[in-house]
Amino acid sequence: MSDVAKMLWVLESRLTEPVSLDDLVEVTGRSKSYLSRAFPLATGYSISGYMRARRLTEAARKLADGAPDILSVALDAGYGSHEAFTRAFGDQFGITPDELRRRRNLDTIQLVEPQRMDTTTTIDIAPPRFETRSRMHFAGLAQRHPMNNPAGIPAQWQQFQAYIGNIEGAVSDAAYGIVCGIEGGNFDYIVAVEVREGVDVQPELKRITTPALNWARFVHRGDVTTIRSTIGAASEWLANAGRELSDAPVAFLEYYGPAFDMATGSGDIEIWFGLKA
């Protein structure tokens with residue numbers, strides 16, 4: 001059973017109980033920092049965000065079945081008051097608990113069902129190539145996305161196409177998807193090219209620099225739509241090998257080589273993880 005599968009088992013089996021990150025560390029034997037990164041990469045949710053969404057989903061089912069006491073439903077979902085529960089419920093579903101109970105219908109809201117517990121077990125990933133690189137400088141378009149529905153990324157790539165080949169000081173035409181700022185179920189995604197240090201670029205482009213690092217470069221097999229499975233499997237491969245991720249703000253890089261075909265979403269794709277020395 002993968003680390004993420006073990007975490008899902010604990011979270012689902014203790015859905016009405018408090019579960020701490022220390023509990024998950026005890027079950028998996030992994031570090032807190034690894035679990036905090038691995039879970040959202042594989043599932044699209046932060047650990048706390050997944051628990052919140054799943055508890056509210058089960059609360060919604062009770063309300064649609066006509067639960068007589070909303071406060072009891074709130075307490076079961078881990079909320080200490082009707083008001084706090086109503087706020088969280090509205091943020092999740094765009095409707096109040098009272099209104100849902102009156103409707104007795106779940107068709108108008110998007111429930112969060114249990115994630116599959118074999119999330120990262122079906123990918124047969126090859127060992128990475130390790131490469132030490134000095135600092136790298138990038139310039140690109142940045143946007144913040146929700147982990148569980150990053151539907152805006154293809155449009156972000158399409159928008160960046162006009163910049164490729166037209167950014168001063170670009171090292172090559174290879175493009176990168178830079179993932180950073182993972183927090184609260186969201187992350188920053190920067191579509192970029194590597195540039196020489198100190199060059200002037202278009203003012204709307206965000207600059208980001210990665211420190212000198214030893215990188216583990218994994219090859220992604222298949223088209224871009226299945227890349228999340230490779231990311232999860234690569235993260236677990238490194239943990240099993242005892243390799244710790246660096247503390248750099250960049251979680252990982254997606255490398256799209258010259259043979260990557262934007263029209264079909266297939267071609268050269270690698271996942272790069274920065275490692276501690």
# chains A, B, ... in the order shown; residues from 1 in each chain; ligands from 1
call {"tool": "residues_around", "arguments": {"residues": "range 15-32 of chain A", "least_positions_apart": "4", "cutoff": "7 Å", "atoms": "only C-alpha atoms", "output": "ChimeraX atom specification"}}
result
/A:3,6-7,11,36,55,76-77
call {"tool": "residues_around", "arguments": {"residues": "range 59-62 of chain A", "least_positions_apart": "5", "cutoff": "8 Å", "atoms": "only C-alpha atoms", "output": "number ranges by chain"}}
result
A: 67, 73-74, 76-77, 97, 100, 106
call {"tool": "write_last_selection", "arguments": {"atoms": "N, CA and C atoms", "output": "tab-separated table (two decimals), in the first residue's frame"}}
result
chain	number	residue	atom	x	y	z
A	67	ALA	N	-32.08	15.37	8.34
A	67	ALA	CA	-31.61	15.36	9.74
A	67	ALA	C	-32.36	16.42	10.54
A	73	VAL	N	-25.50	17.62	13.44
A	73	VAL	CA	-24.75	17.36	12.21
A	73	VAL	C	-23.44	18.15	12.22
A	74	ALA	N	-23.52	19.40	12.66
A	74	ALA	CA	-22.32	20.25	12.74
A	74	ALA	C	-21.29	19.65	13.68
A	76	ASP	N	-20.94	16.52	14.60
A	76	ASP	CA	-20.39	15.30	14.00
A	76	ASP	C	-19.33	15.62	12.95
A	77	ALA	N	-19.49	16.77	12.29
A	77	ALA	CA	-18.54	17.17	11.25
A	77	ALA	C	-17.33	17.90	11.83
A	97	PRO	N	-26.85	25.08	5.11
A	97	PRO	CA	-27.38	23.78	5.55
A	97	PRO	C	-28.91	23.77	5.62
A	100	LEU	N	-30.36	23.34	2.08
A	100	LEU	CA	-30.20	21.98	1.56
A	100	LEU	C	-31.19	21.03	2.23
A	106	LEU	N	-29.43	16.49	-3.48
A	106	LEU	CA	-27.99	16.75	-3.60
A	106	LEU	C	-27.55	17.07	-5.02
call {"tool": "closest_atom_pairs", "arguments": {"of": "range 135-226 of chain A", "to": "range 253-275 of chain A", "cutoff": "10 Å", "atoms": "only C-alpha atoms", "output": "Markdown table"}}
result
| residue | atom | partner | partner_atom | distance |
| --- | --- | --- | --- | --- |
| A:Pro154 | CA | A:Met262 | CA | 9.5 |
| A:Trp157 | CA | A:Met262 | CA | 8.5 |
| A:Gln158 | CA | A:Met262 | CA | 8.4 |
| A:Gln161 | CA | A:Met262 | CA | 9.0 |
| A:Ser172 | CA | A:Pro258 | CA | 8.9 |
| A:Asp173 | CA | A:Pro258 | CA | 6.8 |
| A:Ala174 | CA | A:Gly257 | CA | 4.9 |
| A:Ala175 | CA | A:Tyr256 | CA | 5.2 |
| A:Tyr176 | CA | A:Tyr255 | CA | 4.7 |
| A:Gly177 | CA | A:Glu254 | CA | 4.7 |
| A:Ile178 | CA | A:Leu253 | CA | 4.8 |
| A:Val179 | CA | A:Leu253 | CA | 6.2 |
| A:Cys180 | CA | A:Leu253 | CA | 9.0 |
| A:Tyr189 | CA | A:Leu253 | CA | 9.8 |
| A:Ile190 | CA | A:Leu253 | CA | 9.6 |
| A:Val191 | CA | A:Glu254 | CA | 9.4 |
| A:Ala192 | CA | A:Tyr255 | CA | 9.9 |
| A:Val193 | CA | A:Tyr255 | CA | 9.7 |
| A:Thr210 | CA | A:Gly274 | CA | 9.2 |
| A:Pro211 | CA | A:Gly274 | CA | 9.3 |
| A:Ala212 | CA | A:Gly274 | CA | 9.1 |
| A:Leu213 | CA | A:Gly274 | CA | 5.9 |
| A:Asn214 | CA | A:Leu275 | CA | 5.6 |
| A:Trp215 | CA | A:Gly274 | CA | 4.6 |
| A:Ala216 | CA | A:Phe273 | CA | 5.2 |
| A:Arg217 | CA | A:Trp272 | CA | 4.5 |
| A:Phe218 | CA | A:Ile271 | CA | 5.1 |
| A:Val219 | CA | A:Glu270 | CA | 4.5 |
| A:His220 | CA | A:Glu270 | CA | 5.5 |
| A:Arg221 | CA | A:Ile269 | CA | 7.8 |
| A:Gly222 | CA | A:Ser266 | CA | 6.8 |
| A:Asp223 | CA | A:Ser266 | CA | 4.5 |
| A:Val224 | CA | A:Gly265 | CA | 5.4 |
| A:Thr225 | CA | A:Gly265 | CA | 7.6 |
call {"tool": "closest_residue", "arguments": {"among": "A:Ala139, A:Ala151, A:Leu238, A:Ala248", "to": "Arg196 in chain A", "atoms": "only C-alpha atoms"}}
result
A:Ala139
call {"tool": "closest_residue", "arguments": {"among": "A:Leu63, A:Leu141, A:Leu35, A:Ala233", "to": "Ala155 in chain A", "atoms": "only C-alpha atoms"}}
result
A:Leu141
call {"tool": "atom_distance", "arguments": {"atom1": "CA of Gly184 in chain A", "atom2": "CA of Pro146 in chain A"}}
result
8.9 Å
call {"tool": "select_by_dssp", "arguments": {"residues": "range 74-165 of chain A", "states": "strand (DSSP E)", "output": "number ranges by chain"}}
result
A: 129-133, 136-146
call {"tool": "write_last_selection", "arguments": {"atoms": "N, CA and C atoms", "output": "short mmCIF file (atom, residue, chain, number, x, y, z; two decimals), in the first residue's frame"}}
result
data_model
loop_
_atom_site.label_atom_id
_atom_site.label_comp_id
_atom_site.auth_asym_id
_atom_site.auth_seq_id
_atom_site.Cartn_x
_atom_site.Cartn_y
_atom_site.Cartn_z
N ARG A 129 17.40 10.26 -13.33
CA ARG A 129 18.77 10.68 -13.60
C ARG A 129 19.09 11.85 -12.67
N PHE A 130 20.20 11.79 -11.97
CA PHE A 130 20.57 12.84 -11.03
C PHE A 130 21.54 13.81 -11.72
N GLU A 131 21.29 15.09 -11.50
CA GLU A 131 22.11 16.11 -12.15
C GLU A 131 22.23 17.32 -11.22
N THR A 132 23.46 17.78 -11.02
CA THR A 132 23.69 18.98 -10.22
C THR A 132 23.75 20.18 -11.15
N ARG A 133 22.98 21.21 -10.81
CA ARG A 133 22.94 22.43 -11.60
C ARG A 133 23.17 23.63 -10.70
N MET A 136 19.38 28.59 -11.47
CA MET A 136 18.68 28.78 -12.74
C MET A 136 17.69 29.92 -12.58
N HIS A 137 17.57 30.71 -13.64
CA HIS A 137 16.69 31.87 -13.63
C HIS A 137 15.60 31.66 -14.68
N PHE A 138 14.38 31.98 -14.30
CA PHE A 138 13.24 31.75 -15.18
C PHE A 138 12.39 33.02 -15.28
N ALA A 139 11.67 33.12 -16.38
CA ALA A 139 10.70 34.20 -16.56
C ALA A 139 9.47 33.59 -17.23
N GLY A 140 8.29 33.92 -16.68
CA GLY A 140 7.09 33.32 -17.26
C GLY A 140 5.81 33.91 -16.70
N LEU A 141 4.71 33.34 -17.10
CA LEU A 141 3.39 33.76 -16.66
C LEU A 141 2.98 32.95 -15.44
N ALA A 142 2.54 33.64 -14.39
CA ALA A 142 2.19 32.98 -13.13
C ALA A 142 0.69 33.06 -12.89
N GLN A 143 0.15 32.00 -12.31
CA GLN A 143 -1.27 31.98 -11.95
C GLN A 143 -1.45 31.02 -10.77
N ARG A 144 -2.42 31.33 -9.89
CA ARG A 144 -2.70 30.47 -8.76
C ARG A 144 -3.88 29.58 -9.10
N HIS A 145 -3.77 28.29 -8.73
CA HIS A 145 -4.79 27.29 -9.07
C HIS A 145 -5.17 26.48 -7.84
N PRO A 146 -6.40 25.98 -7.80
CA PRO A 146 -6.75 24.99 -6.76
C PRO A 146 -6.16 23.64 -7.11
#
call {"tool": "select_by_dssp", "arguments": {"residues": "range 26-222 of chain A", "states": "alpha helix (DSSP H)", "output": "NGL selection string"}}
result
:A and (26-28 or 32-43 or 47-64 or 70-76 or 82-93 or 97-103 or 153-160)
call {"tool": "write_last_selection", "arguments": {"atoms": "C-alpha atoms", "output": "tab-separated table (two decimals), in the first residue's frame"}}
result
chain	number	residue	atom	x	y	z
A	26	GLU	CA	3.22	7.23	12.88
A	27	VAL	CA	1.29	5.19	10.32
A	28	THR	CA	3.54	5.88	7.32
A	32	LYS	CA	5.70	15.70	8.11
A	33	SER	CA	7.18	17.73	5.26
A	34	TYR	CA	7.05	14.75	2.89
A	35	LEU	CA	3.44	13.91	3.77
A	36	SER	CA	2.36	17.54	3.44
A	37	ARG	CA	3.73	17.58	-0.11
A	38	ALA	CA	2.93	14.06	-1.23
A	39	PHE	CA	-0.75	14.07	-0.34
A	40	PRO	CA	-1.80	17.13	-2.38
A	41	LEU	CA	0.37	16.08	-5.32
A	42	ALA	CA	-1.44	12.74	-5.50
A	43	THR	CA	-4.97	13.78	-4.54
A	47	ILE	CA	-4.69	16.93	4.15
A	48	SER	CA	-6.87	19.33	6.13
A	49	GLY	CA	-8.75	20.39	3.00
A	50	TYR	CA	-9.59	16.80	2.15
A	51	MET	CA	-10.86	16.06	5.65
A	52	ARG	CA	-12.94	19.23	5.68
A	53	ALA	CA	-14.47	18.51	2.27
A	54	ARG	CA	-15.20	14.86	3.11
A	55	ARG	CA	-16.79	15.71	6.49
A	56	LEU	CA	-18.96	18.39	4.90
A	57	THR	CA	-19.98	15.97	2.15
A	58	GLU	CA	-21.18	13.44	4.69
A	59	ALA	CA	-22.95	16.24	6.56
A	60	ALA	CA	-24.68	17.23	3.33
A	61	ARG	CA	-25.98	13.68	2.90
A	62	LYS	CA	-27.45	13.73	6.41
A	63	LEU	CA	-29.14	17.07	5.76
A	64	ALA	CA	-30.57	15.90	2.44
A	70	ILE	CA	-28.42	20.83	12.29
A	71	LEU	CA	-26.25	21.41	15.36
A	72	SER	CA	-25.82	17.66	15.85
A	73	VAL	CA	-24.75	17.36	12.21
A	74	ALA	CA	-22.32	20.25	12.74
A	75	LEU	CA	-20.81	18.61	15.83
A	76	ASP	CA	-20.39	15.30	14.00
A	82	HIS	CA	-24.07	26.26	14.06
A	83	GLU	CA	-22.51	29.49	12.79
A	84	ALA	CA	-19.06	28.04	12.06
A	85	PHE	CA	-20.64	25.04	10.33
A	86	THR	CA	-22.89	27.26	8.20
A	87	ARG	CA	-19.93	29.37	7.05
A	88	ALA	CA	-17.83	26.34	6.11
A	89	PHE	CA	-20.79	24.63	4.43
A	90	GLY	CA	-21.52	27.74	2.36
A	91	ASP	CA	-17.88	28.06	1.32
A	92	GLN	CA	-17.84	24.42	0.19
A	93	PHE	CA	-21.21	24.13	-1.53
A	97	PRO	CA	-27.38	23.78	5.55
A	98	ASP	CA	-30.98	24.92	6.17
A	99	GLU	CA	-31.62	25.39	2.46
A	100	LEU	CA	-30.20	21.98	1.56
A	101	ARG	CA	-32.34	20.32	4.23
A	102	ARG	CA	-35.42	22.02	2.78
A	103	ARG	CA	-34.53	20.93	-0.76
A	153	ILE	CA	-3.39	25.40	-16.73
A	154	PRO	CA	-3.96	24.51	-20.44
A	155	ALA	CA	-5.16	28.07	-21.12
A	156	GLN	CA	-2.11	29.39	-19.27
A	157	TRP	CA	0.15	27.35	-21.55
A	158	GLN	CA	-1.72	28.56	-24.61
A	159	GLN	CA	-1.29	32.17	-23.53
A	160	PHE	CA	2.46	31.63	-23.05
call {"tool": "closest_residue", "arguments": {"among": "A:Asp65, A:Glu236, A:Asp188, A:Glu197", "to": "Met147 in chain A", "atoms": "only C-alpha atoms"}}
result
A:Asp188
call {"tool": "closest_residue", "arguments": {"among": "A:Pro127, A:Gly78, A:Gly66, A:Gly94", "to": "Thr230 in chain A", "atoms": "only C-alpha atoms"}}
result
A:Pro127
call {"tool": "atom_distance", "arguments": {"atom1": "CA of Asp124 in chain A", "atom2": "CA of Gly185 in chain A"}}
result
26.8 Å
